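Just structure.cif here, mmCIF, C-alpha atoms and all ligand atoms:
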```
data_protein
loop_
_atom_site.label_atom_id
_atom_site.label_comp_id
_atom_site.auth_asym_id
_atom_site.auth_seq_id
_atom_site.Cartn_x
_atom_site.Cartn_y
_atom_site.Cartn_z
CA MET B 1 96.70 -0.13 221.65
CA ILE B 2 99.05 2.72 220.80
CA LEU B 3 102.79 2.55 220.12
CA TYR B 4 104.51 5.93 220.29
CA GLY B 5 107.56 6.36 218.10
CA SER B 6 108.95 5.97 214.61
CA SER B 7 109.87 2.68 212.99
CA LEU B 8 113.21 4.27 212.03
CA SER B 9 114.19 3.41 215.60
CA PRO B 10 115.29 -0.24 215.72
CA TYR B 11 113.61 -0.56 219.12
CA VAL B 12 110.29 0.64 217.73
CA ARG B 13 110.68 -1.54 214.62
CA LYS B 14 111.31 -4.57 216.85
CA VAL B 15 108.00 -4.06 218.66
CA LEU B 16 106.12 -3.46 215.40
CA ALA B 17 107.50 -6.62 213.80
CA PHE B 18 106.83 -8.62 216.97
CA ALA B 19 103.22 -7.40 217.02
CA GLY B 20 102.91 -8.05 213.27
CA GLU B 21 104.05 -11.66 213.66
CA LYS B 22 101.41 -12.17 216.35
CA GLY B 23 98.67 -10.46 214.37
CA ILE B 24 98.31 -7.71 216.98
CA GLN B 25 97.08 -4.33 215.75
CA LEU B 26 99.07 -1.38 217.11
CA ASP B 27 98.25 2.22 216.20
CA VAL B 28 101.52 4.09 215.72
CA GLU B 29 101.60 7.66 216.95
CA PRO B 30 104.52 10.07 216.78
CA THR B 31 106.15 11.18 220.03
CA GLY B 32 105.56 14.83 219.20
CA PHE B 33 109.29 15.56 218.77
CA PRO B 34 110.71 18.16 219.39
CA ASP B 35 107.89 19.02 221.84
CA PRO B 36 106.81 15.62 223.16
CA SER B 37 103.10 15.13 223.64
CA ALA B 38 101.72 14.77 227.17
CA GLU B 39 100.44 11.31 226.27
CA PHE B 40 103.90 10.17 225.18
CA LEU B 41 105.58 11.65 228.28
CA GLU B 42 103.11 9.90 230.54
CA ALA B 43 104.14 6.58 229.01
CA SER B 44 107.86 7.30 228.67
CA PRO B 45 109.25 9.26 231.63
CA PHE B 46 112.73 9.40 230.09
CA ARG B 47 111.44 10.40 226.65
CA LYS B 48 112.71 7.30 224.89
CA MET B 49 110.83 5.58 222.12
CA PRO B 50 109.03 3.24 221.94
CA ALA B 51 106.33 3.92 224.51
CA PHE B 52 103.03 2.15 224.70
CA ARG B 53 99.45 2.62 225.86
CA ASP B 54 96.70 0.06 226.36
CA GLY B 55 93.80 2.06 227.79
CA ASP B 56 95.01 3.52 231.09
CA TYR B 57 98.03 1.24 231.15
CA THR B 58 101.30 2.74 229.92
CA LEU B 59 104.76 1.31 229.45
CA ALA B 60 108.13 2.24 228.01
CA ASP B 61 111.04 0.14 226.74
CA SER B 62 110.79 -2.23 223.80
CA SER B 63 111.53 -5.34 225.87
CA ALA B 64 108.95 -4.44 228.52
CA ILE B 65 106.34 -3.84 225.82
CA ILE B 66 107.19 -7.11 224.10
CA HIS B 67 106.88 -9.09 227.34
CA TYR B 68 103.50 -7.44 228.01
CA LEU B 69 102.27 -8.39 224.53
CA GLU B 70 103.62 -11.93 224.81
CA ALA B 71 101.82 -12.42 228.14
CA LYS B 72 98.59 -10.86 226.91
CA TYR B 73 98.61 -12.65 223.54
CA PRO B 74 100.45 -15.93 224.16
CA GLN B 75 99.69 -17.36 220.70
CA ALA B 76 101.68 -17.74 218.59
CA ALA B 77 104.49 -17.82 221.13
CA LEU B 78 107.58 -15.87 220.06
CA ILE B 79 109.44 -16.37 223.36
CA PRO B 80 109.96 -20.10 223.98
CA SER B 81 109.05 -21.57 227.36
CA ASP B 82 111.82 -24.19 227.31
CA PRO B 83 114.50 -22.84 229.69
CA GLN B 84 117.45 -23.24 227.33
CA LEU B 85 115.61 -21.87 224.30
CA ARG B 86 114.24 -18.96 226.32
CA GLY B 87 117.69 -18.14 227.65
CA LYS B 88 119.13 -18.08 224.13
CA THR B 89 116.24 -15.97 222.86
CA ILE B 90 116.84 -13.35 225.53
CA TRP B 91 120.59 -13.49 224.86
CA PHE B 92 120.04 -12.67 221.18
CA GLU B 93 117.62 -9.87 222.02
CA GLU B 94 120.07 -8.42 224.52
CA PHE B 95 122.97 -8.74 222.07
CA ALA B 96 120.92 -6.91 219.45
CA ASP B 97 119.68 -4.20 221.84
CA THR B 98 123.15 -3.45 223.18
CA VAL B 99 126.10 -4.57 221.03
CA LEU B 100 124.48 -4.44 217.58
CA ILE B 101 122.36 -1.31 218.05
CA SER B 102 125.20 0.58 219.79
CA CYS B 103 127.26 0.11 216.66
CA GLY B 104 124.33 0.84 214.33
CA ALA B 105 123.36 3.95 216.26
CA LYS B 106 126.81 5.50 215.84
CA ILE B 107 126.37 5.13 212.09
CA PHE B 108 122.66 5.96 211.78
CA PHE B 109 122.78 8.90 214.17
CA ASN B 110 125.77 10.53 212.55
CA LEU B 111 124.79 9.92 208.93
CA ILE B 112 121.03 10.52 209.15
CA VAL B 113 119.51 11.58 212.48
CA ALA B 114 121.81 14.52 213.28
CA GLN B 115 121.43 16.28 209.96
CA ARG B 116 117.89 15.35 209.13
CA PHE B 117 116.09 15.48 212.46
CA LEU B 118 118.33 17.66 214.65
CA GLY B 119 119.47 20.13 211.98
CA ARG B 120 123.17 19.80 212.71
CA PRO B 121 126.01 17.94 211.01
CA GLY B 122 126.76 14.43 212.20
CA ASP B 123 130.22 13.15 213.00
CA GLU B 124 131.01 11.24 209.82
CA ASP B 125 134.38 10.11 211.17
CA ALA B 126 132.65 8.45 214.14
CA ALA B 127 130.28 6.68 211.74
CA ARG B 128 133.17 5.48 209.57
CA GLU B 129 135.09 4.37 212.65
CA ALA B 130 132.10 2.29 213.81
CA GLU B 131 131.71 0.71 210.38
CA LEU B 132 135.41 -0.14 210.13
CA ASN B 133 136.15 -1.18 213.73
CA ASP B 134 132.94 -1.98 215.65
CA LEU B 135 130.97 -3.76 212.97
CA PRO B 136 133.35 -6.52 211.73
CA PRO B 137 133.55 -8.46 215.03
CA ILE B 138 129.76 -8.34 215.28
CA LEU B 139 129.37 -9.65 211.74
CA ASP B 140 132.05 -12.30 212.35
CA TYR B 141 130.02 -13.51 215.35
CA LEU B 142 126.78 -13.56 213.35
CA GLU B 143 128.41 -15.30 210.39
CA ARG B 144 129.36 -18.28 212.57
CA THR B 145 126.03 -18.19 214.44
CA VAL B 146 123.10 -17.60 212.08
CA PRO B 147 121.39 -20.60 210.48
CA HIS B 148 122.35 -21.27 206.88
CA ASP B 149 119.62 -23.74 206.02
CA GLY B 150 116.54 -21.53 206.05
CA GLY B 151 116.17 -22.05 209.79
CA TYR B 152 115.97 -19.72 212.77
CA LEU B 153 118.33 -18.61 215.52
CA VAL B 154 116.56 -20.50 218.32
CA GLY B 155 114.59 -23.73 217.99
CA ASP B 156 112.55 -24.66 214.95
CA GLY B 157 110.60 -21.50 214.29
CA LEU B 158 110.75 -17.73 214.27
CA THR B 159 111.26 -16.16 217.70
CA LEU B 160 111.97 -12.78 219.21
CA ALA B 161 115.65 -13.60 218.64
CA ASP B 162 115.28 -13.37 214.84
CA ILE B 163 113.18 -10.21 215.05
CA ALA B 164 115.67 -8.51 217.38
CA VAL B 165 118.81 -9.47 215.45
CA ALA B 166 117.58 -8.84 211.89
CA GLY B 167 115.71 -5.59 212.58
CA PRO B 168 118.70 -3.26 213.11
CA PHE B 169 120.05 -4.27 209.68
CA ALA B 170 117.31 -2.11 208.17
CA ASN B 171 119.22 0.87 209.58
CA PHE B 172 122.39 -0.41 207.90
CA ARG B 173 120.45 -0.46 204.64
CA HIS B 174 119.30 3.12 205.14
CA THR B 175 122.89 4.24 205.75
CA LYS B 176 124.25 2.06 202.91
CA THR B 177 126.62 0.48 205.41
CA ASN B 178 128.73 -2.19 203.77
CA VAL B 179 127.75 -5.68 204.88
CA ASP B 180 129.82 -7.57 202.34
CA PRO B 181 127.92 -10.60 200.93
CA GLN B 182 131.22 -12.20 199.89
CA ARG B 183 132.59 -12.07 203.41
CA TYR B 184 129.27 -12.55 205.25
CA PRO B 185 127.10 -14.66 202.91
CA ARG B 186 125.17 -16.46 205.66
CA THR B 187 124.43 -13.31 207.58
CA VAL B 188 123.28 -11.41 204.49
CA ALA B 189 121.03 -14.27 203.32
CA TYR B 190 119.56 -14.75 206.79
CA VAL B 191 118.91 -11.05 207.40
CA ASP B 192 117.39 -10.58 203.93
CA ARG B 193 115.05 -13.52 204.55
CA ILE B 194 113.83 -12.19 207.91
CA LEU B 195 113.48 -8.58 206.74
CA ALA B 196 111.44 -9.74 203.72
CA ARG B 197 108.70 -11.00 206.04
CA PRO B 198 105.42 -9.07 205.95
CA SER B 199 105.99 -8.04 209.57
CA PHE B 200 109.08 -6.05 208.52
CA ALA B 201 109.04 -5.25 204.80
CA PRO B 202 106.27 -2.60 204.67
CA TRP B 203 107.82 -0.65 207.56
CA ILE B 204 111.23 -0.64 205.94
CA GLU B 205 109.75 0.46 202.60
CA ARG B 206 107.96 3.34 204.34
CA GLU B 207 111.16 4.34 206.13
CA ALA B 208 113.11 4.35 202.85
CA ALA B 209 110.41 6.44 201.18
CA LEU B 210 110.50 8.92 204.05
CA LEU B 211 114.29 9.20 203.91
CA ALA B 212 114.16 9.64 200.13
CA GLN B 213 112.10 12.81 200.55
CA PRO B 214 113.97 16.08 200.85
CA ALA B 215 114.57 17.00 204.52
N1 LIG C 301 116.10 0.26 226.07
C1 LIG C 301 115.21 1.11 225.31
C2 LIG C 301 116.02 2.02 224.39
C3 LIG C 301 115.14 3.05 223.69
C4 LIG C 301 115.97 4.12 223.00
O1 LIG C 301 117.14 4.37 223.35
N2 LIG C 301 115.33 4.78 222.02
C5 LIG C 301 115.99 5.86 221.32
C6 LIG C 301 115.63 5.84 219.83
S1 LIG C 301 116.42 4.51 218.98
C7 LIG C 301 115.48 7.19 221.84
O2 LIG C 301 114.33 7.33 222.15
N3 LIG C 301 116.37 8.17 221.93
C8 LIG C 301 115.99 9.51 222.30
C9 LIG C 301 116.66 9.96 223.54
O3 LIG C 301 117.55 9.26 224.05
O4 LIG C 301 116.32 11.04 223.99
C10 LIG C 301 114.23 0.22 224.53
O5 LIG C 301 114.51 -0.96 224.33
O6 LIG C 301 113.15 0.71 224.18
#
```

Represent the structure of the file as structure tokens.
Ligand SMILES: N[C@@H](CCC(=O)N[C@@H](CS)C(=O)NCC(=O)O)C(=O)O
Amino acid sequence: MILYGSSLSPYVRKVLAFAGEKGIQLDVEPTGFPDPSAEFLEASPFRKMPAFRDGDYTLADSSAIIHYLEAKYPQAALIPSDPQLRGKTIWFEEFADTVLISCGAKIFFNLIVAQRFLGRPGDEDAAREAELNDLPPILDYLERTVPHDGGYLVGDGLTLADIAVAGPFANFRHTKTNVDPQRYPRTVAYVDRILARPSFAPWIEREAALLAQPA
């Protein structure tokens, strides 16, 4: 199975960590940016990453890909079947995909993507504005929500909720965005614990090594 995209995208990283936790092998292929490959375009009509191929079957959108993988490889389940736990899991994924990543993207795009991948300056004021105004209410919410006892967001074990919520914090690391451990000790400890898992850590190390190279 092929996943098109780069793990620098939090949506791509979410699928890679999800697959890693389930022991599913995905071959990662670039999209072909700036001239997308025909294979990628077939899978992703609106040119967004990630896209996915399993033989003749293609799919785009991280959530669609994750639901396909969960249905095809039900063990170990990362989306609970209990109605209340499932609802919460999808809430956390949706929160991460919309509220959290919208904020992170303003920072990551303007501090890294624009200059490095598009060859034009980013809007540093917009990034600073997001860090100062958008991020604190998100972190305040997480600080009163994340488990502080070594547990997980939903139920007794790791779920898609943890993968979705912790993953975008790798982008905050890459941009050196301030997530103050004095003000947000539970969030920082929780995120560090999830991102240290073998399903995440090697991807984040590779991303950091890539960004450390001259453009
Ligand atoms: N809802 C989609 C969002 C995918 C998305 O927006 N990906 C970004 C990268 S983080 C992208 O491909 N942007 C390029 C573009 O918009 O042309 C998902 O979950 O996969």

Checklist entry - Please, which residues have at least one atom within 6 Å of an atom of ligand LIG 301 (chain C), using only C-alpha atoms and all ligand atoms, listed as a list of chain:residue names? => result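 Sorted by chain and then by number, the residues are B:Ser9, B:Pro10, B:Tyr11, B:Arg47, B:Lys48, B:Met49, B:Pro50, B:Asp61, B:Ser62, B:Ser63.
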
Kindly export the residues of the current selection with C-alpha atoms, as a JSON list (two decimals), keeping the file's coordinate frame.
```
[["chain", "number", "residue", "atom", "x", "y", "z"],
["B", 9, "SER", "CA", 114.19, 3.41, 215.60],
["B", 10, "PRO", "CA", 115.29, -0.24, 215.72],
["B", 11, "TYR", "CA", 113.61, -0.56, 219.12],
["B", 47, "ARG", "CA", 111.44, 10.40, 226.65],
["B", 48, "LYS", "CA", 112.71, 7.30, 224.89],
["B", 49, "MET", "CA", 110.83, 5.58, 222.12],
["B", 50, "PRO", "CA", 109.03, 3.24, 221.94],
["B", 61, "ASP", "CA", 111.04, 0.14, 226.74],
["B", 62, "SER", "CA", 110.79, -2.23, 223.80],
["B", 63, "SER", "CA", 111.53, -5.34, 225.87]]
```

Next on the checklist: From the options B:Gly119, B:Ala130, B:Tyr68, B:Gln75, which residue's atoms come nearest to Leu100 of chain B, counting all atoms listed in the file?
Outcome noted: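 Among the listed residues, the smallest separation from Leu100 of chain B belongs to B:Ala130.
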
Checklist entry - Which of these residues is nearest to Glu129 of chain B, using all atoms listed in the file: B:Ala170, B:Pro45, B:Gly104, B:Gln84? => result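 Selected residue with least distance to Glu129 of chain B: B:Gly104.
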
Checklist entry - Residues at most 7 Å from Gly5 of chain B, counting all atoms listed in the file, excluding those fewer than 2 positions away in the same chain, as a PyMOL selection string? => result chain B and resi 3+7+12+28-31+49-51

Put those residues in a file: C-alpha atoms, as a compact mmCIF listing (two decimals), keeping the file's coordinate frame.
```
# COMPACT_ATOMS: atom_id res chain seq x y z
CA LEU B 3 102.79 2.55 220.12
CA SER B 7 109.87 2.68 212.99
CA VAL B 12 110.29 0.64 217.73
CA VAL B 28 101.52 4.09 215.72
CA GLU B 29 101.60 7.66 216.95
CA PRO B 30 104.52 10.07 216.78
CA THR B 31 106.15 11.18 220.03
CA MET B 49 110.83 5.58 222.12
CA PRO B 50 109.03 3.24 221.94
CA ALA B 51 106.33 3.92 224.51
```

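Residues with any atom within 12 Å of Arg183 of chain B, counting all atoms listed in the file and excluding same-chain neighbours fewer than 2 positions away, are Pro136, Leu139, Asp140, Leu142, Glu143, Arg144, Asn178, Val179, Asp180, Pro181, Pro185, Arg186, Thr187, Val188 and Ala189 of chain B.
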
Checklist outcome for this item: Across B:Cys103, B:Tyr4, B:Ser81, B:Gln25, the smallest distance to Ala60 of chain B, with all atoms listed in the file counted, is shown by B:Tyr4

Item to check | Residue nearest Glu93 of chain B among B:Leu160, B:Ile112, B:Val146, B:Ala43 (counting all atoms listed in the file) | outcome: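 Under the stated criterion, the closest residue is B:Leu160.
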
Next on the checklist: Just want the 12 Å neighbourhood of Ala19 of chain B, counted on all atoms listed in the file, with same-chain residues fewer than 3 positions away dropped. Output as a VMD selection string.
Outcome noted: chain B and resid 1 to 3 12 to 16 22 to 28 62 65 to 70 72 to 78 159 to 160 163 198 to 200

Checklist entry - atom CA of Leu59 of chain B and atom CA of Leu41 of chain B are how many Å apart? => result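 Interatomic distance, atom CA of Leu59 of chain B to atom CA of Leu41 of chain B: 10.4 Å.
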
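We find atom CA of Ser44 of chain B and atom CA of Ala164 of chain B to be spaced 20.9 Å apart.
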
Next on the checklist: Just to confirm, what's the straight-line distance from atom CA of Pro202 of chain B to atom CA of Tyr184 of chain B in Å (one decimal)?
Outcome noted: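 Answer for the atom CA of Pro202 of chain B to atom CA of Tyr184 of chain B separation: 25.1 Å.
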
Checklist entry - Which one of B:Tyr152, B:Ala166, B:Arg193, B:Asp134 sits closest to Ser102 of chain B if you count all atoms listed in the file? => result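 The shortest atom-to-atom distance to Ser102 of chain B comes from B:Asp134.
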
Checklist entry - Need the neighbours of (118.5, -21.0, 223.0): which residues are at most 12 Å away, counting only C-alpha atoms, as a PyMOL selection string? => result chain B and resi 79-93+145+152-157+159-162
